[in-house]
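Visitor: What follows is input.cif, mmCIF, C-alpha atoms and all ligand atoms.
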```
data_run
#
loop_
_atom_site.label_atom_id
_atom_site.label_comp_id
_atom_site.auth_asym_id
_atom_site.auth_seq_id
_atom_site.Cartn_x
_atom_site.Cartn_y
_atom_site.Cartn_z
CA MET A 1 -1.82 36.24 53.05
CA ALA A 2 1.84 35.20 53.21
CA TYR A 3 3.16 33.23 50.23
CA ARG A 4 2.86 29.46 50.26
CA ALA A 5 2.91 27.06 47.32
CA LEU A 6 -0.53 25.55 46.77
CA ASP A 7 -1.48 21.90 46.20
CA PRO A 8 -4.75 20.39 44.96
CA HIS A 9 -6.23 20.61 48.49
CA SER A 10 -5.04 24.01 49.60
CA VAL A 11 -5.98 25.60 46.26
CA ILE A 12 -9.64 24.77 47.04
CA ASP A 13 -9.39 26.35 50.51
CA TYR A 14 -7.80 29.38 48.90
CA LEU A 15 -10.62 29.75 46.36
CA ARG A 16 -13.37 29.29 48.97
CA ALA A 17 -11.85 32.23 50.85
CA THR A 18 -11.84 34.48 47.76
CA PRO A 19 -15.37 35.93 47.51
CA SER A 20 -14.66 37.95 44.35
CA LEU A 21 -14.66 34.63 42.47
CA ALA A 22 -18.27 33.85 43.39
CA ASN A 23 -19.48 34.78 39.89
CA VAL A 24 -17.19 32.21 38.19
CA LEU A 25 -17.30 29.33 40.65
CA ASP A 26 -19.82 28.12 43.26
CA LEU A 27 -17.57 28.67 46.24
CA ASP A 28 -19.70 26.66 48.66
CA ALA A 29 -20.38 23.72 46.34
CA PRO A 30 -18.08 20.69 46.01
CA MET A 31 -14.88 21.39 44.01
CA HIS A 32 -12.29 19.21 42.42
CA ALA A 33 -8.74 20.39 41.63
CA ARG A 34 -5.89 18.84 39.66
CA GLU A 35 -2.43 20.09 38.80
CA VAL A 36 -1.85 20.02 35.03
CA GLY A 37 1.25 22.16 34.62
CA ASP A 38 3.37 20.46 32.01
CA GLY A 39 5.29 23.71 31.84
CA ASN A 40 8.82 24.40 32.85
CA LEU A 41 8.18 27.12 35.36
CA ASN A 42 4.96 27.17 37.35
CA LEU A 43 2.05 25.33 38.98
CA VAL A 44 -1.21 25.20 37.01
CA PHE A 45 -4.42 23.89 38.64
CA ILE A 46 -7.75 23.27 36.94
CA VAL A 47 -10.55 23.61 39.49
CA GLU A 48 -14.09 22.50 38.68
CA ASN A 49 -17.44 22.47 40.44
CA GLY A 50 -18.71 18.91 40.24
CA ALA A 51 -22.40 19.64 39.62
CA SER A 52 -22.37 22.73 37.40
CA ASP A 53 -19.89 23.16 34.52
CA LYS A 54 -18.21 26.01 36.34
CA SER A 55 -14.44 25.96 36.37
CA LEU A 56 -11.31 28.09 36.38
CA VAL A 57 -7.54 27.85 36.25
CA VAL A 58 -5.10 28.91 38.95
CA LYS A 59 -1.51 29.55 37.89
CA GLN A 60 1.04 30.11 40.63
CA ALA A 61 4.73 30.93 40.45
CA LEU A 62 7.15 28.89 42.52
CA PRO A 63 10.18 30.69 43.96
CA TYR A 64 12.41 28.65 41.65
CA LEU A 65 12.52 27.37 38.09
CA ARG A 66 10.39 24.23 38.05
CA VAL A 67 12.43 22.26 35.48
CA ALA A 68 15.67 22.94 37.33
CA GLY A 69 14.39 22.45 40.89
CA GLU A 70 14.98 24.50 44.00
CA SER A 71 18.62 25.07 43.15
CA TRP A 72 17.55 27.65 40.58
CA PRO A 73 15.81 30.59 42.28
CA LEU A 74 13.58 32.74 40.12
CA THR A 75 11.53 35.74 41.19
CA ARG A 76 7.85 35.11 41.81
CA GLU A 77 7.18 38.58 40.42
CA ARG A 78 6.80 36.88 37.04
CA MET A 79 3.10 36.33 37.81
CA ARG A 80 2.65 40.11 37.92
CA PHE A 81 4.10 40.41 34.41
CA GLU A 82 1.91 37.54 33.23
CA THR A 83 -1.24 39.10 34.71
CA GLN A 84 -0.51 42.58 33.34
CA ALA A 85 0.19 41.12 29.90
CA LEU A 86 -2.97 38.96 29.93
CA LEU A 87 -5.03 42.05 30.79
CA LYS A 88 -3.34 44.05 28.02
CA HIS A 89 -3.86 41.24 25.51
CA ASN A 90 -7.57 41.01 26.42
CA GLU A 91 -7.89 44.76 25.96
CA LEU A 92 -6.04 44.92 22.62
CA ALA A 93 -6.94 41.55 21.10
CA PRO A 94 -10.28 40.59 22.70
CA GLY A 95 -11.07 36.88 22.60
CA LEU A 96 -7.49 35.86 21.84
CA ALA A 97 -6.23 35.44 25.43
CA PRO A 98 -7.73 33.83 28.55
CA GLN A 99 -9.82 36.15 30.71
CA VAL A 100 -8.34 37.16 34.06
CA TYR A 101 -10.62 36.68 37.10
CA HIS A 102 -8.30 37.46 40.00
CA TYR A 103 -4.70 38.31 40.83
CA ASP A 104 -2.93 37.91 44.18
CA GLU A 105 0.43 39.60 44.37
CA GLU A 106 1.47 38.07 47.74
CA MET A 107 0.60 34.56 46.60
CA SER A 108 2.11 35.17 43.12
CA LEU A 109 -0.94 33.71 41.44
CA VAL A 110 -3.42 34.55 38.75
CA VAL A 111 -6.89 33.01 38.36
CA MET A 112 -8.03 32.81 34.76
CA GLU A 113 -10.46 31.29 32.30
CA ASN A 114 -10.27 27.52 31.93
CA LEU A 115 -9.36 26.67 28.33
CA SER A 116 -9.55 22.88 28.65
CA HIS A 117 -11.87 22.74 25.63
CA LEU A 118 -8.82 23.78 23.56
CA GLU A 119 -5.54 21.96 22.92
CA VAL A 120 -2.02 23.27 23.27
CA MET A 121 -1.13 23.42 19.55
CA ARG A 122 2.16 21.55 19.54
CA LYS A 123 0.75 18.02 19.83
CA PRO A 124 -2.12 18.33 17.35
CA LEU A 125 0.33 19.81 14.84
CA VAL A 126 2.38 16.62 15.17
CA ALA A 127 -0.88 14.69 14.64
CA ARG A 128 -1.39 16.74 11.40
CA LYS A 129 -4.45 18.59 12.65
CA ARG A 130 -5.51 21.72 10.80
CA PHE A 131 -6.60 24.98 12.39
CA PRO A 132 -8.67 26.89 9.84
CA ARG A 133 -8.89 30.10 11.90
CA PHE A 134 -5.32 30.13 13.18
CA ALA A 135 -3.63 32.38 10.58
CA ASP A 136 -6.38 34.98 10.92
CA HIS A 137 -6.37 34.86 14.73
CA ILE A 138 -2.64 34.86 15.39
CA SER A 139 -1.98 37.57 12.79
CA THR A 140 -4.64 39.70 14.50
CA PHE A 141 -3.08 39.03 17.90
CA LEU A 142 0.37 39.98 16.63
CA ALA A 143 -0.72 43.07 14.68
CA ARG A 144 -2.89 44.48 17.47
CA THR A 145 -0.68 43.76 20.49
CA LEU A 146 2.44 44.99 18.72
CA PHE A 147 0.99 48.03 16.94
CA PHE A 148 -1.04 49.40 19.85
CA THR A 149 1.90 49.21 22.27
CA SER A 150 4.41 50.76 19.85
CA ASP A 151 5.53 54.35 19.28
CA PHE A 152 3.45 54.31 16.09
CA TYR A 153 0.31 54.45 18.24
CA LEU A 154 1.27 55.68 21.71
CA THR A 155 2.69 59.03 22.65
CA GLY A 156 6.26 58.98 23.91
CA LEU A 157 4.98 59.45 27.45
CA GLU A 158 2.34 56.68 27.25
CA LYS A 159 4.84 54.28 25.77
CA LYS A 160 7.46 54.85 28.47
CA GLU A 161 4.86 54.57 31.24
CA LEU A 162 3.72 51.22 29.89
CA GLN A 163 7.31 50.12 29.32
CA ALA A 164 8.12 50.93 32.96
CA LYS A 165 5.48 48.40 34.10
CA PHE A 166 7.19 45.73 32.03
CA ILE A 167 10.82 46.01 33.13
CA ASN A 168 11.21 42.25 33.49
CA PRO A 169 14.95 41.67 34.01
CA HIS A 170 14.97 38.14 35.43
CA LEU A 171 12.82 36.60 32.72
CA CYS A 172 14.68 38.58 30.07
CA LYS A 173 17.93 37.14 31.34
CA ILE A 174 16.61 33.61 30.76
CA GLN A 175 15.99 34.40 27.08
CA GLU A 176 19.22 36.37 26.72
CA ASP A 177 21.26 33.44 28.05
CA PHE A 178 19.34 30.46 26.73
CA VAL A 179 18.24 31.74 23.32
CA PHE A 180 21.18 33.80 22.18
CA THR A 181 24.30 32.87 24.16
CA ASN A 182 24.78 29.55 25.95
CA PRO A 183 23.58 27.23 23.15
CA PHE A 184 26.39 28.53 20.97
CA MET A 185 29.28 28.03 23.39
CA ASP A 186 30.36 25.42 25.90
CA SER A 187 27.78 25.46 28.74
CA PRO A 188 26.86 22.55 31.04
CA GLU A 189 23.08 22.62 30.47
CA ASN A 190 23.32 22.29 26.68
CA ARG A 191 21.89 19.09 25.24
CA TRP A 192 21.92 17.77 21.69
CA ASN A 193 21.55 14.58 19.72
CA PRO A 194 25.02 12.93 19.84
CA LEU A 195 24.76 12.31 16.08
CA LEU A 196 24.87 16.08 15.68
CA ASP A 197 28.24 16.66 17.36
CA ALA A 198 29.97 17.83 14.20
CA GLU A 199 27.15 20.25 13.30
CA VAL A 200 27.02 21.71 16.81
CA GLN A 201 30.78 22.27 16.88
CA ALA A 202 30.59 23.86 13.42
CA VAL A 203 27.94 26.35 14.61
CA ARG A 204 30.12 27.31 17.58
CA ARG A 205 33.07 28.04 15.27
CA ASN A 206 31.16 29.83 12.50
CA SER A 207 32.16 33.48 12.88
CA ALA A 208 29.69 34.82 10.33
CA LEU A 209 26.87 33.07 12.20
CA LYS A 210 28.16 34.07 15.64
CA LEU A 211 28.31 37.70 14.55
CA ALA A 212 24.76 37.52 13.23
CA LEU A 213 23.54 35.92 16.49
CA ALA A 214 25.30 38.64 18.50
CA GLU A 215 23.41 41.21 16.44
CA MET A 216 20.13 39.45 17.18
CA LYS A 217 20.91 39.44 20.90
CA ALA A 218 21.67 43.17 20.73
CA SER A 219 18.28 43.63 19.07
CA TYR A 220 16.56 41.64 21.83
CA MET A 221 18.28 43.57 24.60
CA THR A 222 18.02 47.09 23.19
CA HIS A 223 15.14 47.41 20.68
CA ALA A 224 12.18 48.39 22.87
CA GLU A 225 9.75 48.48 19.93
CA ALA A 226 6.57 47.08 21.49
CA LEU A 227 5.20 45.00 24.34
CA ILE A 228 6.14 41.53 23.11
CA HIS A 229 4.98 38.17 24.48
CA SER A 230 8.54 36.94 24.22
CA ASP A 231 7.78 33.19 24.41
CA LEU A 232 5.24 32.78 21.63
CA HIS A 233 5.93 29.20 20.57
CA THR A 234 3.19 26.67 19.68
CA GLY A 235 3.25 25.46 23.32
CA SER A 236 1.98 28.92 24.34
CA ILE A 237 -1.04 28.77 22.04
CA MET A 238 -4.22 26.83 22.79
CA ALA A 239 -6.66 26.34 19.93
CA ASN A 240 -9.40 24.32 18.28
CA GLU A 241 -11.07 24.75 14.89
CA GLU A 242 -12.87 27.91 15.97
CA LEU A 243 -10.83 29.50 18.74
CA THR A 244 -7.26 30.58 19.40
CA LYS A 245 -5.94 31.76 22.77
CA VAL A 246 -2.42 32.92 23.57
CA ILE A 247 -1.32 31.87 27.07
CA ASP A 248 1.77 32.15 29.27
CA PRO A 249 3.04 35.73 28.70
CA GLU A 250 5.26 35.82 31.81
CA PHE A 251 8.28 36.84 29.68
CA ALA A 252 6.49 39.93 28.35
CA PHE A 253 8.60 43.09 28.06
CA TYR A 254 9.38 45.85 25.59
CA GLY A 255 11.41 44.19 22.87
CA PRO A 256 11.69 43.69 19.11
CA MET A 257 8.46 42.85 17.27
CA GLY A 258 10.23 40.29 15.09
CA PHE A 259 10.92 38.13 18.13
CA ASP A 260 7.21 37.28 18.47
CA VAL A 261 6.49 36.89 14.75
CA GLY A 262 9.69 34.85 14.37
CA ALA A 263 8.71 32.54 17.25
CA VAL A 264 5.41 31.59 15.61
CA LEU A 265 6.91 30.99 12.15
CA GLU A 266 9.98 29.15 13.45
CA ASN A 267 7.86 26.71 15.45
CA LEU A 268 5.84 25.91 12.33
CA VAL A 269 9.11 25.19 10.48
CA LEU A 270 10.29 22.83 13.25
CA ASN A 271 6.93 21.08 13.09
CA TYR A 272 7.29 20.86 9.27
CA LEU A 273 10.71 19.20 9.68
CA SER A 274 9.46 16.78 12.33
CA HIS A 275 7.08 15.23 9.78
CA PHE A 276 10.01 13.68 7.93
CA ALA A 277 9.89 11.23 10.87
CA HIS A 278 6.29 11.47 12.11
CA THR A 279 4.66 11.10 8.70
CA PRO A 280 6.38 8.37 6.67
CA ASP A 281 3.80 8.29 3.85
CA PRO A 282 5.31 10.76 1.35
CA GLU A 283 2.00 11.91 -0.06
CA VAL A 284 0.40 12.57 3.31
CA ARG A 285 3.59 14.28 4.45
CA ARG A 286 3.87 16.53 1.42
CA ASP A 287 0.27 17.55 1.81
CA TYR A 288 0.64 18.54 5.46
CA GLN A 289 3.99 20.22 4.94
CA ALA A 290 2.46 22.30 2.14
CA TYR A 291 -0.31 23.28 4.58
CA LEU A 292 2.31 24.44 7.10
CA LEU A 293 4.15 26.56 4.51
CA ASP A 294 0.83 28.08 3.46
CA LEU A 295 0.17 28.90 7.12
CA ILE A 296 3.53 30.65 7.37
CA ARG A 297 2.77 32.69 4.25
CA ASP A 298 -0.74 33.55 5.42
CA ILE A 299 0.36 34.55 8.91
CA TRP A 300 3.00 36.95 7.64
CA THR A 301 0.86 38.36 4.82
CA GLN A 302 -2.13 38.93 7.07
CA PHE A 303 0.02 40.31 9.87
CA ALA A 304 1.65 42.83 7.54
CA ALA A 305 -1.69 43.91 6.02
CA LYS A 306 -3.37 44.28 9.44
CA PHE A 307 -0.43 46.11 10.98
CA GLU A 308 -0.33 48.57 8.12
CA ALA A 309 -4.10 49.12 8.14
CA LEU A 310 -4.04 49.79 11.90
CA TRP A 311 -1.27 52.30 11.34
CA VAL A 312 -3.06 54.15 8.54
CA GLU A 313 -6.27 54.30 10.58
CA ASN A 314 -4.73 55.13 13.97
CA ASN A 315 -1.69 57.26 13.29
CA ARG A 316 -1.76 59.05 16.62
CA GLY A 317 1.71 58.08 17.89
CA GLU A 318 4.52 60.54 18.15
CA LEU A 319 6.64 58.53 15.71
CA MET A 320 5.58 60.25 13.39
CA PRO A 321 2.21 62.05 13.85
CA ALA A 322 -0.14 62.57 10.89
CA LYS A 323 0.70 66.26 10.69
CA TYR A 324 4.35 65.47 10.04
CA TRP A 325 3.40 63.93 6.68
CA ASP A 326 0.95 66.74 5.81
CA TYR A 327 2.62 68.23 2.72
CA PRO A 328 2.57 67.51 -1.05
CA GLY A 329 4.33 64.13 -1.38
CA GLY A 330 3.84 63.39 2.32
CA ASP A 331 1.42 60.52 1.66
CA GLU A 332 4.02 58.73 -0.45
CA ALA A 333 6.72 59.36 2.15
CA PHE A 334 4.49 57.96 4.93
CA ALA A 335 3.72 54.91 2.78
CA GLU A 336 7.45 54.40 2.25
CA PHE A 337 8.05 54.68 6.01
CA ARG A 338 5.46 51.95 6.62
CA ARG A 339 7.00 49.80 3.89
CA ARG A 340 10.47 50.15 5.42
CA THR A 341 9.17 49.39 8.90
CA LEU A 342 7.52 46.16 7.75
CA ALA A 343 10.66 45.21 5.82
CA HIS A 344 12.61 45.69 9.05
CA ILE A 345 10.13 43.52 11.01
CA LEU A 346 10.46 40.78 8.37
CA ARG A 347 14.28 40.79 8.59
CA GLU A 348 14.03 40.61 12.37
CA THR A 349 11.48 37.82 12.08
CA ALA A 350 14.05 35.88 10.06
CA GLY A 351 16.91 36.70 12.45
CA HIS A 352 15.08 35.94 15.70
CA GLY A 353 13.24 32.97 14.20
CA GLY A 354 16.54 31.53 12.98
CA ALA A 355 18.27 32.08 16.34
CA LYS A 356 15.43 30.33 18.15
CA MET A 357 15.40 27.44 15.69
CA LEU A 358 19.11 26.89 16.34
CA ARG A 359 18.84 27.07 20.10
CA ARG A 360 16.17 24.36 20.09
CA MET A 361 18.73 22.04 18.49
CA MET A 362 21.62 22.59 20.91
CA GLY A 363 20.49 24.43 24.05
CA ILE A 364 18.68 23.62 27.29
CA VAL A 365 15.20 23.01 25.82
CA SER A 366 14.18 21.36 22.58
CA VAL A 367 10.62 21.05 21.29
CA TRP A 368 8.35 18.03 21.64
CA ASP A 369 7.81 17.87 17.84
CA ILE A 370 11.47 16.86 17.59
CA THR A 371 12.16 15.09 20.91
CA SER A 372 9.19 12.77 20.32
CA ILE A 373 11.11 11.24 17.38
CA ALA A 374 12.51 8.18 19.19
CA ASP A 375 14.97 7.06 16.51
CA LEU A 376 18.09 9.23 16.77
CA GLU A 377 19.00 8.81 13.09
CA GLN A 378 15.54 9.96 12.00
CA ARG A 379 15.63 12.75 14.51
CA ALA A 380 19.01 13.90 13.16
CA VAL A 381 17.52 14.28 9.67
CA ALA A 382 15.08 16.92 10.95
CA GLU A 383 17.65 18.51 13.24
CA ARG A 384 20.35 18.91 10.56
CA LEU A 385 17.81 20.65 8.35
CA ALA A 386 16.77 22.90 11.24
CA ILE A 387 20.39 23.91 11.79
CA ARG A 388 20.85 24.71 8.10
CA ILE A 389 17.57 26.63 7.80
CA GLY A 390 18.03 28.46 11.11
CA SER A 391 21.58 29.46 10.18
CA ARG A 392 20.43 30.79 6.83
CA TRP A 393 17.47 32.71 8.28
CA VAL A 394 19.86 34.51 10.63
CA MET A 395 22.77 35.09 8.27
CA GLU A 396 20.76 35.90 5.16
CA ARG A 397 18.16 38.07 6.87
CA HIS A 398 19.31 41.20 5.02
CA SER A 399 18.39 39.60 1.70
CA ILE A 400 14.93 38.48 2.89
CA HIS A 401 12.50 40.81 1.10
CA SER A 402 9.30 38.80 1.22
CA VAL A 403 7.87 35.90 3.17
CA ASP A 404 8.47 33.78 0.06
CA ASP A 405 12.21 34.32 0.53
CA LEU A 406 11.89 32.84 4.03
CA ILE A 407 9.82 29.92 2.75
CA GLY A 408 12.24 29.54 -0.16
CA ILE A 409 15.07 28.74 2.25
CA VAL A 410 12.95 26.04 3.94
CA ARG A 411 12.12 24.56 0.51
CA GLU A 412 15.69 24.68 -0.81
CA GLU A 413 17.04 22.86 2.22
CA ALA A 414 14.21 20.40 2.78
CA GLU A 415 13.34 19.42 -0.79
P1 LIG B 501 4.49 27.53 32.37
O1 LIG B 501 4.64 29.00 32.46
O2 LIG B 501 4.85 26.86 33.65
O3 LIG B 501 5.17 26.98 31.17
P2 LIG B 501 1.90 27.44 31.00
O4 LIG B 501 1.19 28.74 31.12
O5 LIG B 501 2.57 27.14 29.71
O6 LIG B 501 2.92 27.26 32.23
O7 LIG B 501 0.86 26.29 31.36
C1 LIG B 501 1.27 24.94 31.48
C2 LIG B 501 0.18 24.04 30.94
O8 LIG B 501 -1.01 24.20 31.71
C3 LIG B 501 -0.22 24.36 29.51
O9 LIG B 501 0.60 23.68 28.59
C4 LIG B 501 -1.66 23.87 29.47
O10 LIG B 501 -1.69 22.46 29.26
C5 LIG B 501 -2.16 24.15 30.86
N1 LIG B 501 -2.83 25.45 30.93
C6 LIG B 501 -2.28 26.66 31.15
N2 LIG B 501 -3.20 27.64 31.15
C7 LIG B 501 -4.39 27.04 30.95
C8 LIG B 501 -5.74 27.52 30.88
N3 LIG B 501 -6.05 28.81 31.01
N4 LIG B 501 -6.72 26.59 30.67
C9 LIG B 501 -6.42 25.27 30.54
N5 LIG B 501 -5.18 24.78 30.61
C10 LIG B 501 -4.15 25.64 30.82
MG MG B 502 5.86 29.83 31.04
#
```
Would you mind writing the file's structure down as structure tokens?
Guide:
Amino acid sequence: MAYRALDPHSVIDYLRATPSLANVLDLDAPMHAREVGDGNLNLVFIVENGASDKSLVVKQALPYLRVAGESWPLTRERMRFETQALLKHNELAPGLAPQVYHYDEEMSLVVMENLSHLEVMRKPLVARKRFPRFADHISTFLARTLFFTSDFYLTGLEKKELQAKFINPHLCKIQEDFVFTNPFMDSPENRWNPLLDAEVQAVRRNSALKLALAEMKASYMTHAEALIHSDLHTGSIMANEELTKVIDPEFAFYGPMGFDVGAVLENLVLNYLSHFAHTPDPEVRRDYQAYLLDLIRDIWTQFAAKFEALWVENNRGELMPAKYWDYPGGDEAFAEFRRRTLAHILRETAGHGGAKMLRRMMGIVSVWDITSIADLEQRAVAERLAIRIGSRWVMERHSIHSVDDLIGIVREEAE
């Protein structure tokens, strides 16, 4: 079927004509569809059978970037990357990504599990909700998706074959430009709080910081360490008290592991800072902010422990195979190699997390935690801190030796 963008009527006709979906939806029964995509890129429809509770989600790529309109063409192939990544995530981290029911290459669409019983995390975090399973779930997702797609687990051949399926140049270019480059120079799409003019100009002239950001961009463009999600902010995670699901992996490609870990931690820091405005009661605020810092600590600590355990138990990759360490003293050397690798991921977590924190303050897209602060003065309080913390995470990443060093920078600046 030739490509056409769907609407709430035509999506129903499309589904009725797709017999493979008969086990998830009653294709002959009445259906209701609504478009819910609050995203920047694509159409998202929730389709439900009226009588039964059966439902599903259809996500379709438009031939342009939705936020920017038709003037900004973008390849529809992104839905192939999203589908492949969702399937991989289901395989490697079962239960932590929506199930895929159907993929249509021509129509650039994927049909997946409806997660409407969960909330996109960003808003409930502003409302000070707690997610008791989140640290466990997201650290499992990170450890398993990153380890099992890396050279520590795959053979060189397997890794390159998988990497070849995820050569995703157009979506990579969006991150290359809008995370690492344009926010830090004069570029027409940049937006920032006018009260932050001086700080934004100072970032653009800070050579030590610009050098560090250039190094992080080089890491993003050249360090094909694992299949990364590459857009793992709290708007790409749906959760409730029991469940966590990672959505929207259309940016997936082989990149640096620290980019994903850094995205999760950095978004929790931005949420932490937003509570200086959202939560005026100092006691309530301190309590929730302490919860967020505990989350950051738990996520890293559990990620590192799970990643290392997976490595010890599944050391079948060609970098380096078990036999390589099979000599007196080899166990200690292998342990040291794991320690150094995790130290490297932590530094990259700081560097990429810091770069992303900064771009949210002065690039094309901010985060709702911050933009929902109506008063510009109050908003500037959080934003100035984000610029200071982000800058330090990037520039001081070589002296970050534990997650408490990362948290320490947040504390020193914010308290
Ligand atoms: P985009 O790539 O356009 O940013 P997202 O994948 O982030 O699109 O989806 C946009 C919104 O659609 C999400 O914020 C969420 O509210 C909703 N959504 C996406 N996937 C699902 C799903 N599987 N179940 C329920 N709602 C979803
Ligand atoms: Mg998206």
Visitor: Residues within 12 Å of ligand MG 502 (chain B) (all atoms listed in the file), as a PyMOL selection string?
Guide: chain A and resi 37-44+59-62+65-67+78-79+81-82+171+174-175+229-233+235-237+246-252
Visitor: Excluding region 153-159 of chain A and any residue of its chain fewer than 2 positions from it, enumerate the residues within 8 Å of it, using all atoms listed in the file, and give them as a PyMOL selection string.
Guide: chain A and resi 147-151+161-163+311+314-319
Visitor: Name the closest residue to Pro183 (chain A) among the candidates A:His344, A:His117, A:Arg384, A:Lys356; distances are taken between atoms, counting all atoms listed in the file.
Guide: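 Once distances to Pro183 (chain A) are computed over all atoms listed in the file, the minimum belongs to A:Lys356.
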Visitor: Give me, as a ChimeraX atom specification, all polymer residues having an atom no more than 8 Å from Ile387 (chain A), counting all atoms listed in the file and skipping those fewer than 6 positions away in the same chain.
Guide: /A:199,357-358,361
Visitor: Could you work out how far CA of Phe166 (chain A) lies from CA of Arg80 (chain A), giving the answer in Å with one decimal?
Guide: 9.3 Å
